[in-house]
$ cat coords.tsv   # TSV, C-alpha atoms
chain	number	residue	atom	x	y	z
A	1	MET	CA	80.88	108.00	78.99
A	2	LYS	CA	83.70	107.47	81.49
A	3	ARG	CA	86.98	106.52	79.78
A	4	VAL	CA	89.27	104.23	81.74
A	5	ILE	CA	92.81	103.21	80.76
A	6	VAL	CA	93.58	99.62	81.74
A	7	THR	CA	97.15	98.37	81.32
A	8	GLY	CA	97.90	94.71	80.74
A	9	ASP	CA	94.51	94.09	79.13
A	10	SER	CA	95.88	91.03	77.31
A	11	GLY	CA	96.58	89.22	80.59
A	12	GLY	CA	94.31	86.99	82.66
A	13	LEU	CA	93.32	89.54	85.30
A	14	GLY	CA	93.46	92.47	82.85
A	15	HIS	CA	90.92	90.79	80.60
A	16	LYS	CA	88.60	90.22	83.56
A	17	ILE	CA	88.93	93.86	84.63
A	18	VAL	CA	88.15	95.10	81.11
A	19	THR	CA	85.13	92.84	80.54
A	20	ASN	CA	83.80	93.67	83.98
A	21	LEU	CA	84.00	97.42	83.28
A	22	LEU	CA	82.47	97.03	79.81
A	23	ASN	CA	79.52	95.23	81.39
A	24	HIS	CA	78.68	98.66	82.82
A	25	GLU	CA	77.35	100.86	80.00
A	26	GLU	CA	78.84	104.01	81.58
A	27	TYR	CA	82.45	102.95	80.84
A	28	SER	CA	84.63	102.81	77.79
A	29	VAL	CA	88.07	101.24	78.00
A	30	ILE	CA	91.43	102.04	76.43
A	31	GLY	CA	93.54	98.90	76.85
A	32	VAL	CA	97.32	99.29	76.81
A	33	SER	CA	99.58	96.27	76.39
A	34	ARG	CA	102.32	95.01	74.12
A	35	GLN	CA	100.47	92.08	72.65
A	36	GLU	CA	97.55	91.94	70.24
A	37	THR	CA	95.99	88.70	71.40
A	38	ALA	CA	92.89	86.81	70.25
A	39	THR	CA	91.05	87.99	73.39
A	40	ILE	CA	91.78	91.60	72.45
A	41	MET	CA	90.41	91.02	68.95
A	42	ASP	CA	87.28	89.46	70.50
A	43	LEU	CA	86.83	92.52	72.75
A	44	ARG	CA	87.17	94.79	69.70
A	45	GLN	CA	84.45	92.81	67.93
A	46	GLU	CA	82.09	92.70	70.88
A	47	TYR	CA	82.51	96.28	72.11
A	48	LYS	CA	83.25	98.22	68.92
A	49	GLU	CA	82.11	101.53	70.36
A	50	ARG	CA	83.49	101.25	73.86
A	51	TYR	CA	86.81	99.42	73.62
A	52	GLN	CA	90.05	100.31	71.92
A	53	HIS	CA	93.49	98.82	72.26
A	54	ILE	CA	96.84	100.57	72.02
A	55	ALA	CA	99.91	98.40	71.47
A	56	PHE	CA	102.63	99.74	73.76
A	57	ASP	CA	105.61	98.19	75.52
A	58	LEU	CA	105.40	99.20	79.19
A	59	SER	CA	109.03	98.22	79.74
A	60	ARG	CA	109.83	101.55	78.00
A	61	PRO	CA	108.54	104.22	80.43
A	62	GLU	CA	110.56	106.91	78.63
A	63	ARG	CA	108.11	106.60	75.71
A	64	ILE	CA	104.98	107.25	77.79
A	65	LYS	CA	105.10	110.98	77.09
A	66	ASP	CA	104.84	110.25	73.35
A	67	LEU	CA	102.12	107.65	73.99
A	68	PHE	CA	99.98	110.38	75.52
A	69	SER	CA	100.88	113.10	73.00
A	70	ASN	CA	100.36	110.91	69.94
A	71	ARG	CA	97.69	108.38	70.90
A	72	ILE	CA	95.71	109.47	73.97
A	73	LYS	CA	95.62	113.29	74.17
A	74	ASP	CA	93.12	113.76	71.36
A	75	ILE	CA	90.75	111.13	72.77
A	76	GLY	CA	89.64	113.66	75.41
A	77	PRO	CA	88.93	113.42	79.14
A	78	ILE	CA	90.14	110.32	80.98
A	79	TYR	CA	88.12	109.33	84.04
A	80	GLY	CA	90.17	106.43	85.35
A	81	LEU	CA	93.44	104.52	85.26
A	82	VAL	CA	93.97	100.91	86.26
A	83	ASN	CA	97.67	100.10	86.58
A	84	ASN	CA	97.36	96.36	86.18
A	85	ALA	CA	100.27	95.30	83.94
A	86	ALA	CA	103.04	93.56	85.84
A	87	TYR	CA	106.12	91.47	85.27
A	88	ALA	CA	107.05	88.81	87.80
A	89	TYR	CA	110.77	88.19	88.12
A	90	ASP	CA	110.72	85.54	90.82
A	91	ASP	CA	113.92	84.26	92.36
A	92	ILE	CA	115.66	84.33	95.71
A	93	VAL	CA	117.51	87.57	96.33
A	94	THR	CA	120.97	85.97	96.35
A	95	ASN	CA	120.45	85.30	92.62
A	96	ALA	CA	119.36	88.88	91.81
A	97	ARG	CA	120.21	90.07	88.29
A	98	ILE	CA	120.14	93.80	87.63
A	99	GLU	CA	118.80	93.47	84.04
A	100	SER	CA	115.74	91.55	85.23
A	101	LEU	CA	115.23	93.93	88.15
A	102	GLU	CA	115.38	96.95	85.84
A	103	ARG	CA	112.83	95.41	83.49
A	104	MET	CA	110.52	94.59	86.42
A	105	TYR	CA	110.81	98.08	87.93
A	106	ASN	CA	110.20	99.67	84.52
A	107	ILE	CA	106.96	97.72	84.07
A	108	ASN	CA	105.73	97.51	87.67
A	109	VAL	CA	106.78	100.91	89.06
A	110	PHE	CA	108.14	103.50	86.61
A	111	SER	CA	105.47	103.07	83.94
A	112	PRO	CA	102.61	103.24	86.48
A	113	ILE	CA	104.14	106.43	87.93
A	114	LEU	CA	104.44	108.08	84.51
A	115	LEU	CA	100.98	106.92	83.42
A	116	THR	CA	99.64	108.46	86.63
A	117	LYS	CA	101.49	111.69	85.82
A	118	TYR	CA	99.84	112.09	82.43
A	119	VAL	CA	96.42	110.86	83.54
A	120	ILE	CA	96.34	113.36	86.41
A	121	ARG	CA	97.47	116.11	84.02
A	122	ASN	CA	94.55	115.14	81.79
A	123	MET	CA	92.17	115.20	84.79
A	124	LEU	CA	93.42	118.68	85.79
A	125	LEU	CA	92.93	119.97	82.26
A	126	TYR	CA	89.31	118.83	82.11
A	127	GLY	CA	88.52	119.24	85.82
A	128	THR	CA	87.74	115.51	86.11
A	129	LYS	CA	87.25	114.02	89.56
A	130	GLY	CA	88.82	110.77	88.50
A	131	ALA	CA	89.96	107.54	90.10
A	132	ILE	CA	93.18	105.57	89.90
A	133	VAL	CA	93.50	101.93	90.95
A	134	HIS	CA	96.85	100.15	91.20
A	135	ILE	CA	97.01	96.37	91.28
A	136	SER	CA	99.35	95.42	94.10
A	137	SER	CA	99.85	91.92	95.48
A	138	VAL	CA	99.42	89.93	98.67
A	139	SER	CA	103.20	89.49	98.53
A	140	ALA	CA	103.63	93.14	99.58
A	141	HIS	CA	102.11	92.18	102.95
A	142	THR	CA	103.04	88.51	103.44
A	143	GLY	CA	106.47	87.03	102.74
A	144	TYR	CA	106.89	84.31	100.09
A	145	LYS	CA	110.15	82.65	99.20
A	146	GLY	CA	111.30	83.84	95.79
A	147	LEU	CA	109.01	86.88	95.69
A	148	SER	CA	110.97	89.41	97.75
A	149	MET	CA	112.06	91.41	94.69
A	150	TYR	CA	108.64	91.29	93.04
A	151	ALA	CA	107.03	92.25	96.37
A	152	SER	CA	109.30	95.28	96.59
A	153	THR	CA	107.77	96.67	93.38
A	154	LYS	CA	104.27	96.26	94.82
A	155	GLY	CA	105.27	97.90	98.10
A	156	ALA	CA	106.60	100.84	96.08
A	157	LEU	CA	103.30	101.08	94.20
A	158	GLU	CA	101.28	101.08	97.44
A	159	ALA	CA	103.43	103.83	98.97
A	160	PHE	CA	103.16	105.83	95.74
A	161	SER	CA	99.37	105.48	95.75
A	162	ILE	CA	99.07	106.84	99.30
A	163	GLY	CA	101.16	109.90	98.39
A	164	VAL	CA	99.15	110.54	95.22
A	165	ALA	CA	95.90	110.29	97.21
A	166	ARG	CA	97.16	112.94	99.61
A	167	GLU	CA	98.56	115.19	96.85
A	168	TRP	CA	95.49	115.30	94.63
A	169	GLY	CA	92.58	114.64	96.99
A	170	GLY	CA	91.82	118.36	97.03
A	171	TYR	CA	90.98	118.08	93.32
A	172	GLY	CA	88.64	115.14	93.91
A	173	ILE	CA	91.12	112.65	92.40
A	174	ARG	CA	91.25	109.32	94.26
A	175	SER	CA	94.02	106.72	94.31
A	176	ASN	CA	93.67	103.22	95.76
A	177	CYS	CA	95.22	99.76	95.54
A	178	VAL	CA	93.79	96.29	95.26
A	179	ALA	CA	96.10	93.58	96.61
A	180	PRO	CA	95.03	90.23	95.15
A	181	GLY	CA	96.07	86.86	96.49
A	182	PHE	CA	97.28	84.08	94.19
A	183	MET	CA	94.98	83.55	91.23
A	184	GLU	CA	94.85	80.96	88.47
A	185	THR	CA	96.23	83.26	85.77
A	186	PRO	CA	99.06	82.87	83.24
A	187	MET	CA	101.26	84.85	85.66
A	188	SER	CA	101.16	82.05	88.26
A	189	GLU	CA	101.34	79.15	85.82
A	190	SER	CA	105.03	78.50	86.58
A	191	LEU	CA	104.04	77.31	90.07
A	192	THR	CA	103.80	73.54	90.59
A	193	PRO	CA	100.53	72.05	91.93
A	194	GLU	CA	102.30	71.40	95.24
A	195	GLN	CA	103.49	75.04	95.51
A	196	LYS	CA	99.95	76.21	94.76
A	197	ARG	CA	98.48	73.84	97.37
A	198	ARG	CA	100.83	75.22	100.02
A	199	ILE	CA	100.06	78.83	99.09
A	200	TYR	CA	96.30	78.27	99.18
A	201	LYS	CA	96.61	76.47	102.53
A	202	ARG	CA	97.90	79.74	104.02
A	203	THR	CA	94.60	81.47	103.23
A	204	SER	CA	91.51	81.48	105.41
A	205	LEU	CA	89.30	80.30	102.56
A	206	LYS	CA	91.80	77.59	101.49
A	207	GLU	CA	91.61	78.18	97.75
A	208	GLU	CA	92.84	80.40	94.93
A	209	THR	CA	91.65	84.01	94.80
A	210	SER	CA	88.86	84.60	92.31
A	211	ALA	CA	90.01	86.94	89.51
A	212	ASP	CA	86.37	87.91	89.09
A	213	SER	CA	86.23	89.08	92.72
A	214	VAL	CA	89.39	91.16	92.13
A	215	ALA	CA	87.96	92.69	88.94
A	216	LYS	CA	84.71	93.60	90.72
A	217	THR	CA	86.66	95.28	93.52
A	218	VAL	CA	88.52	97.34	90.91
A	219	ALA	CA	85.19	98.39	89.38
A	220	PHE	CA	83.90	99.29	92.85
A	221	LEU	CA	86.91	101.51	93.59
A	222	LEU	CA	86.46	103.29	90.26
A	223	SER	CA	82.76	103.87	90.89
A	224	GLU	CA	80.86	106.58	92.74
A	225	ASN	CA	80.13	103.98	95.43
A	226	ALA	CA	83.73	104.42	96.53
A	227	SER	CA	83.60	108.25	96.50
A	228	SER	CA	84.87	108.47	100.10
A	229	ILE	CA	87.64	105.90	99.65
A	230	THR	CA	91.15	107.03	98.81
A	231	GLY	CA	94.69	106.17	99.87
A	232	THR	CA	93.74	102.67	100.92
A	233	VAL	CA	94.54	99.07	99.99
A	234	ILE	CA	91.77	96.51	99.66
A	235	ARG	CA	93.11	93.00	100.07
A	236	VAL	CA	91.26	90.47	97.93
A	237	ASP	CA	93.27	87.45	99.00
A	238	ASN	CA	90.91	84.90	100.58
A	239	GLY	CA	92.04	86.07	103.99
A	240	THR	CA	95.79	85.59	103.96
A	241	ILE	CA	96.29	86.36	107.65
B	1	MET	CA	98.58	135.35	74.46
B	2	THR	CA	98.30	137.55	77.59
B	3	GLU	CA	94.48	137.41	77.43
B	4	ILE	CA	94.50	133.61	77.48
B	5	LEU	CA	97.11	133.60	80.24
B	6	LEU	CA	95.04	136.06	82.29
B	7	LYS	CA	91.98	133.81	81.88
B	8	ILE	CA	93.90	130.70	83.04
B	9	ILE	CA	95.41	132.52	86.04
B	10	ASN	CA	92.01	133.88	87.03
B	11	GLU	CA	90.47	130.39	86.90
B	12	ILE	CA	93.07	129.24	89.44
B	13	LEU	CA	92.62	132.33	91.63
B	14	ASP	CA	88.87	131.79	91.51
B	15	ARG	CA	89.25	128.15	92.61
B	16	ASN	CA	91.40	129.37	95.52
B	17	GLY	CA	88.75	131.90	96.55
B	18	LYS	CA	90.95	134.86	95.62
B	19	GLU	CA	90.07	138.01	93.72
B	20	SER	CA	90.49	137.96	89.93
B	21	LEU	CA	93.06	140.13	88.19
B	22	GLN	CA	91.79	142.81	85.81
B	23	THR	CA	95.09	143.13	83.97
B	24	LEU	CA	98.23	141.04	83.83
B	25	ASP	CA	101.35	142.67	85.30
B	26	VAL	CA	104.26	140.76	83.76
B	27	GLN	CA	106.39	141.36	86.88
B	28	LEU	CA	103.99	139.39	89.09
B	29	SER	CA	105.47	136.38	90.88
B	30	LEU	CA	103.22	133.31	90.68
B	31	ARG	CA	104.28	132.13	94.13
B	32	ASN	CA	104.83	135.33	96.10
B	33	ASP	CA	102.23	137.69	94.57
B	34	LEU	CA	99.52	135.24	93.50
B	35	GLY	CA	100.13	132.65	96.24
B	36	PHE	CA	100.29	129.70	93.83
B	37	ASP	CA	101.49	126.43	95.39
B	38	SER	CA	102.99	123.48	93.51
B	39	LEU	CA	99.54	122.04	92.72
B	40	ASP	CA	98.30	125.37	91.33
B	41	LEU	CA	101.43	125.49	89.18
B	42	ALA	CA	100.64	121.98	87.88
B	43	VAL	CA	97.16	123.15	86.82
B	44	LEU	CA	98.68	126.24	85.20
B	45	THR	CA	101.16	124.03	83.34
B	46	VAL	CA	98.57	121.68	81.85
B	47	LYS	CA	96.28	124.53	80.79
B	48	ILE	CA	99.12	126.45	79.14
B	49	GLU	CA	100.33	123.24	77.47
B	50	ASP	CA	96.82	122.65	76.12
B	51	GLN	CA	96.67	126.17	74.64
B	52	PHE	CA	100.24	126.62	73.43
B	53	GLY	CA	101.66	123.10	73.24
B	54	ILE	CA	104.57	123.79	75.59
B	55	ASP	CA	105.39	122.57	79.09
B	56	ILE	CA	106.59	125.79	80.75
B	57	PHE	CA	108.52	123.91	83.45
B	58	GLN	CA	110.27	121.52	81.09
B	59	ASN	CA	113.59	123.41	81.23
B	60	GLY	CA	113.55	124.71	84.79
B	61	ILE	CA	111.60	126.75	87.30
B	62	VAL	CA	109.40	129.59	86.07
B	63	ASP	CA	108.05	132.15	88.53
B	64	LYS	CA	107.40	135.55	86.95
B	65	VAL	CA	104.62	136.09	84.42
B	66	TYR	CA	107.10	137.49	81.91
B	67	GLU	CA	109.09	134.24	82.16
B	68	ILE	CA	106.01	132.28	81.04
B	69	ILE	CA	105.50	134.71	78.17
B	70	ASN	CA	109.16	134.33	77.15
B	71	VAL	CA	109.01	130.51	77.22
B	72	VAL	CA	105.77	130.41	75.20
B	73	SER	CA	107.01	133.06	72.71
B	74	ARG	CA	110.21	131.14	72.07
B	75	SER	CA	108.22	128.03	71.21
B	76	GLU	CA	105.94	129.79	68.72
$ encode --input "coords.tsv" --output "structure tokens"
Amino acid sequence: MKRVIVTGDSGGLGHKIVTNLLNHEEYSVIGVSRQETATIMDLRQEYKERYQHIAFDLSRPERIKDLFSNRIKDIGPIYGLVNNAAYAYDDIVTNARIESLERMYNINVFSPILLTKYVIRNMLLYGTKGAIVHISSVSAHTGYKGLSMYASTKGALEAFSIGVAREWGGYGIRSNCVAPGFMETPMSESLTPEQKRRIYKRTSLKEETSADSVAKTVAFLLSENASSITGTVIRVDNGTI
Amino acid sequence: MTEILLKIINEILDRNGKESLQTLDVQLSLRNDLGFDSLDLAVLTVKIEDQFGIDIFQNGIVDKVYEIINVVSRSE
């Protein structure tokens, strides 16, 4: 059984990623997010043996050491990590507020870095040739008004992933990113229909990105089928070019 | 403790294609005598932490074998 930690499992994309992985019998999932939602309770019911949820606030990266020592260490070898949880502080940069930026960087950058630290330590202990997937964003590659600060967190994550791939490739540990386009998830619900129409018009396929397609790409990157892929970014964005 | 430490060090030497140690000289330098790089030291750290529950690099750089023994002994 390959254990995979998925952060933000209570969110729209996170739920898709978890259910997609659990559809493969070889995986079990440890979901990490602050909220205990109805969807999490449903997952617990449906996949009693292969799904567990840990309530943890990812805006507190300084507590990740204790999360591993107290809740994860005794579970045993970890095969994969999906850094999916994210916080979108969207505004134009002339309105930037440091408190919101700090919260966003804690959730989107510092927690993923520290989770990677402890997951790789776990992989080294057990000699696991594991895989890490970070969820980036199309906004790291294409400019959108109001997303410059959010995009900067995703650019940081992509650069981090490349370095990790290079550092730990010799131990068979892979690190990749998936950069989704705009999806119909709770994270994008603040956009008006007109804003959404304009965003989708910029894509080659002229519609919202399928969260299912993103989740299946994550599963691919975790799998043996991607054994020669590391340090890359797969854009699942309906061709935002 | 030295037996476990010797076993962990030999696992890393073996992975690096180097000859195993028969005994553990406490004056050995991990970097200069055993040729450990930062990644080897990370492996050493997690394996020692698993056995003794202490991160040997938590309070600074450790290089000599006796320094590891001192850090672990103090924690016990």
$ residues_around --input "coords.tsv" --residues "stretch 130-139 of chain A" --least-positions-apart "6" --cutoff "6 Å" --atoms "only C-alpha atoms" --output "PDB file with C-alpha atoms, keeping the file's coordinate frame"
ATOM      1  CA  TYR A  79      88.120 109.330  84.040  1.00  0.00           C
ATOM      2  CA  GLY A  80      90.170 106.430  85.350  1.00  0.00           C
ATOM      3  CA  LEU A  81      93.440 104.520  85.260  1.00  0.00           C
ATOM      4  CA  VAL A  82      93.970 100.910  86.260  1.00  0.00           C
ATOM      5  CA  ASN A  83      97.670 100.100  86.580  1.00  0.00           C
ATOM      6  CA  ASN A  84      97.360  96.360  86.180  1.00  0.00           C
ATOM      7  CA  ALA A 151     107.030  92.250  96.370  1.00  0.00           C
ATOM      8  CA  LYS A 154     104.270  96.260  94.820  1.00  0.00           C
ATOM      9  CA  ILE A 173      91.120 112.650  92.400  1.00  0.00           C
ATOM     10  CA  ARG A 174      91.250 109.320  94.260  1.00  0.00           C
ATOM     11  CA  SER A 175      94.020 106.720  94.310  1.00  0.00           C
ATOM     12  CA  ASN A 176      93.670 103.220  95.760  1.00  0.00           C
ATOM     13  CA  CYS A 177      95.220  99.760  95.540  1.00  0.00           C
ATOM     14  CA  VAL A 178      93.790  96.290  95.260  1.00  0.00           C
ATOM     15  CA  ALA A 179      96.100  93.580  96.610  1.00  0.00           C
ATOM     16  CA  PRO A 180      95.030  90.230  95.150  1.00  0.00           C
ATOM     17  CA  GLY A 181      96.070  86.860  96.490  1.00  0.00           C
ATOM     18  CA  LEU A 222      86.460 103.290  90.260  1.00  0.00           C
TER      19      LEU A 222
END
$ closest_residue --input "coords.tsv" --among "B:Asp25, B:Glu19, B:Leu5, B:Thr45" --to "B:Ile61" --atoms "all atoms listed in the file"
B:Thr45
$ interface_residues --input "coords.tsv" --of "chain B" --to "chain A" --cutoff "6 Å" --atoms "all atoms listed in the file" --output "PyMOL selection string"
chain B and resi 43+46-47
$ residues_around --input "coords.tsv" --residues "A:Ser204" --least-positions-apart "3" --cutoff "10 Å" --atoms "only C-alpha atoms" --output "VMD selection string"
chain A and resid 200 to 201 207 237 to 241
$ atom_distance --input "coords.tsv" --atom1 "atom CA of B:Ile54" --atom2 "atom CA of A:Leu157"
29.4 Å
$ closest_residue --input "coords.tsv" --among "B:Ala42, B:Leu21, B:Leu13, B:Leu30" --to "B:Ile68" --atoms "only C-alpha atoms"
B:Leu30
$ closest_residue --input "coords.tsv" --among "B:Val72, B:Leu28, B:Ile4, B:Leu34" --to "B:Asn16" --atoms "all atoms listed in the file"
B:Leu34
$ axis_aligned_box --input "coords.tsv" --around "stretch 179-186 of chain A" --padding-each-side "6 Å" --output "AutoDock Vina command-line options"
--center_x 97.0 --center_y 87.3 --center_z 89.9 --size_x 16.2 --size_y 24.6 --size_z 25.4
$ atom_distance --input "coords.tsv" --atom1 "atom CA of B:Lys7" --atom2 "atom CA of B:Ser29"
16.4 Å
$ residues_around --input "coords.tsv" --residues "A:Gly11" --least-positions-apart "3" --cutoff "10 Å" --atoms "only C-alpha atoms" --output "number ranges by chain"
A: 7-8, 14-17, 33, 35, 37, 39-40, 84-86, 185-187
$ closest_residue --input "coords.tsv" --among "B:Gln27, B:Ile12, B:Gln22, B:Leu6" --to "B:Val65" --atoms "all atoms listed in the file"
B:Gln27
$ atom_distance --input "coords.tsv" --atom1 "atom CA of B:Glu67" --atom2 "atom CA of B:Asp40"
16.7 Å
$ build_atoms --input "coords.tsv" --residues "stretch 4-27 of chain B" --atoms "N, CA and C atoms" --output "PDB file, keeping the file's coordinate frame"
ATOM      1  N   ILE B   4      94.719 135.018  77.121  1.00  0.00           N
ATOM      2  CA  ILE B   4      94.500 133.610  77.480  1.00  0.00           C
ATOM      3  C   ILE B   4      95.171 133.300  78.819  1.00  0.00           C
ATOM      4  N   LEU B   5      96.374 133.821  78.990  1.00  0.00           N
ATOM      5  CA  LEU B   5      97.110 133.600  80.240  1.00  0.00           C
ATOM      6  C   LEU B   5      96.356 134.202  81.436  1.00  0.00           C
ATOM      7  N   LEU B   6      95.815 135.402  81.233  1.00  0.00           N
ATOM      8  CA  LEU B   6      95.040 136.060  82.290  1.00  0.00           C
ATOM      9  C   LEU B   6      93.821 135.198  82.665  1.00  0.00           C
ATOM     10  N   LYS B   7      93.168 134.643  81.642  1.00  0.00           N
ATOM     11  CA  LYS B   7      91.980 133.810  81.880  1.00  0.00           C
ATOM     12  C   LYS B   7      92.355 132.563  82.706  1.00  0.00           C
ATOM     13  N   ILE B   8      93.459 131.925  82.329  1.00  0.00           N
ATOM     14  CA  ILE B   8      93.900 130.700  83.040  1.00  0.00           C
ATOM     15  C   ILE B   8      94.259 131.036  84.492  1.00  0.00           C
ATOM     16  N   ILE B   9      95.004 132.129  84.678  1.00  0.00           N
ATOM     17  CA  ILE B   9      95.410 132.520  86.040  1.00  0.00           C
ATOM     18  C   ILE B   9      94.180 132.851  86.880  1.00  0.00           C
ATOM     19  N   ASN B  10      93.212 133.524  86.280  1.00  0.00           N
ATOM     20  CA  ASN B  10      92.010 133.880  87.030  1.00  0.00           C
ATOM     21  C   ASN B  10      91.179 132.655  87.414  1.00  0.00           C
ATOM     22  N   GLU B  11      91.186 131.637  86.551  1.00  0.00           N
ATOM     23  CA  GLU B  11      90.470 130.390  86.900  1.00  0.00           C
ATOM     24  C   GLU B  11      91.065 129.782  88.168  1.00  0.00           C
ATOM     25  N   ILE B  12      92.400 129.823  88.264  1.00  0.00           N
ATOM     26  CA  ILE B  12      93.070 129.240  89.440  1.00  0.00           C
ATOM     27  C   ILE B  12      92.818 130.111  90.681  1.00  0.00           C
ATOM     28  N   LEU B  13      92.894 131.429  90.503  1.00  0.00           N
ATOM     29  CA  LEU B  13      92.620 132.330  91.630  1.00  0.00           C
ATOM     30  C   LEU B  13      91.194 132.134  92.124  1.00  0.00           C
ATOM     31  N   ASP B  14      90.277 131.973  91.171  1.00  0.00           N
ATOM     32  CA  ASP B  14      88.870 131.790  91.510  1.00  0.00           C
ATOM     33  C   ASP B  14      88.679 130.505  92.330  1.00  0.00           C
ATOM     34  N   ARG B  15      89.351 129.426  91.890  1.00  0.00           N
ATOM     35  CA  ARG B  15      89.250 128.150  92.610  1.00  0.00           C
ATOM     36  C   ARG B  15      89.792 128.305  94.038  1.00  0.00           C
ATOM     37  N   ASN B  16      90.803 129.168  94.195  1.00  0.00           N
ATOM     38  CA  ASN B  16      91.400 129.370  95.520  1.00  0.00           C
ATOM     39  C   ASN B  16      90.662 130.427  96.353  1.00  0.00           C
ATOM     40  N   GLY B  17      89.544 130.907  95.809  1.00  0.00           N
ATOM     41  CA  GLY B  17      88.750 131.900  96.550  1.00  0.00           C
ATOM     42  C   GLY B  17      89.419 133.266  96.620  1.00  0.00           C
ATOM     43  N   LYS B  18      90.266 133.551  95.635  1.00  0.00           N
ATOM     44  CA  LYS B  18      90.950 134.860  95.620  1.00  0.00           C
ATOM     45  C   LYS B  18      90.376 135.745  94.511  1.00  0.00           C
ATOM     46  N   GLU B  19      90.607 137.038  94.675  1.00  0.00           N
ATOM     47  CA  GLU B  19      90.070 138.010  93.720  1.00  0.00           C
ATOM     48  C   GLU B  19      90.745 137.894  92.352  1.00  0.00           C
ATOM     49  N   SER B  20      89.951 138.042  91.296  1.00  0.00           N
ATOM     50  CA  SER B  20      90.490 137.960  89.930  1.00  0.00           C
ATOM     51  C   SER B  20      91.351 139.184  89.621  1.00  0.00           C
ATOM     52  N   LEU B  21      92.250 139.003  88.663  1.00  0.00           N
ATOM     53  CA  LEU B  21      93.060 140.130  88.190  1.00  0.00           C
ATOM     54  C   LEU B  21      92.329 140.791  87.012  1.00  0.00           C
ATOM     55  N   GLN B  22      92.383 142.092  86.942  1.00  0.00           N
ATOM     56  CA  GLN B  22      91.790 142.810  85.810  1.00  0.00           C
ATOM     57  C   GLN B  22      92.775 142.861  84.642  1.00  0.00           C
ATOM     58  N   THR B  23      94.033 143.097  84.992  1.00  0.00           N
ATOM     59  CA  THR B  23      95.090 143.130  83.970  1.00  0.00           C
ATOM     60  C   THR B  23      96.253 142.262  84.441  1.00  0.00           C
ATOM     61  N   LEU B  24      97.117 141.921  83.490  1.00  0.00           N
ATOM     62  CA  LEU B  24      98.230 141.040  83.830  1.00  0.00           C
ATOM     63  C   LEU B  24      99.535 141.830  83.889  1.00  0.00           C
ATOM     64  N   ASP B  25     100.052 142.019  85.115  1.00  0.00           N
ATOM     65  CA  ASP B  25     101.350 142.670  85.300  1.00  0.00           C
ATOM     66  C   ASP B  25     102.424 141.611  85.091  1.00  0.00           C
ATOM     67  N   VAL B  26     103.285 141.798  84.107  1.00  0.00           N
ATOM     68  CA  VAL B  26     104.260 140.760  83.760  1.00  0.00           C
ATOM     69  C   VAL B  26     105.315 140.553  84.841  1.00  0.00           C
ATOM     70  N   GLN B  27     105.413 141.498  85.791  1.00  0.00           N
ATOM     71  CA  GLN B  27     106.390 141.360  86.880  1.00  0.00           C
ATOM     72  C   GLN B  27     105.856 140.528  88.048  1.00  0.00           C
TER      73      GLN B  27
END
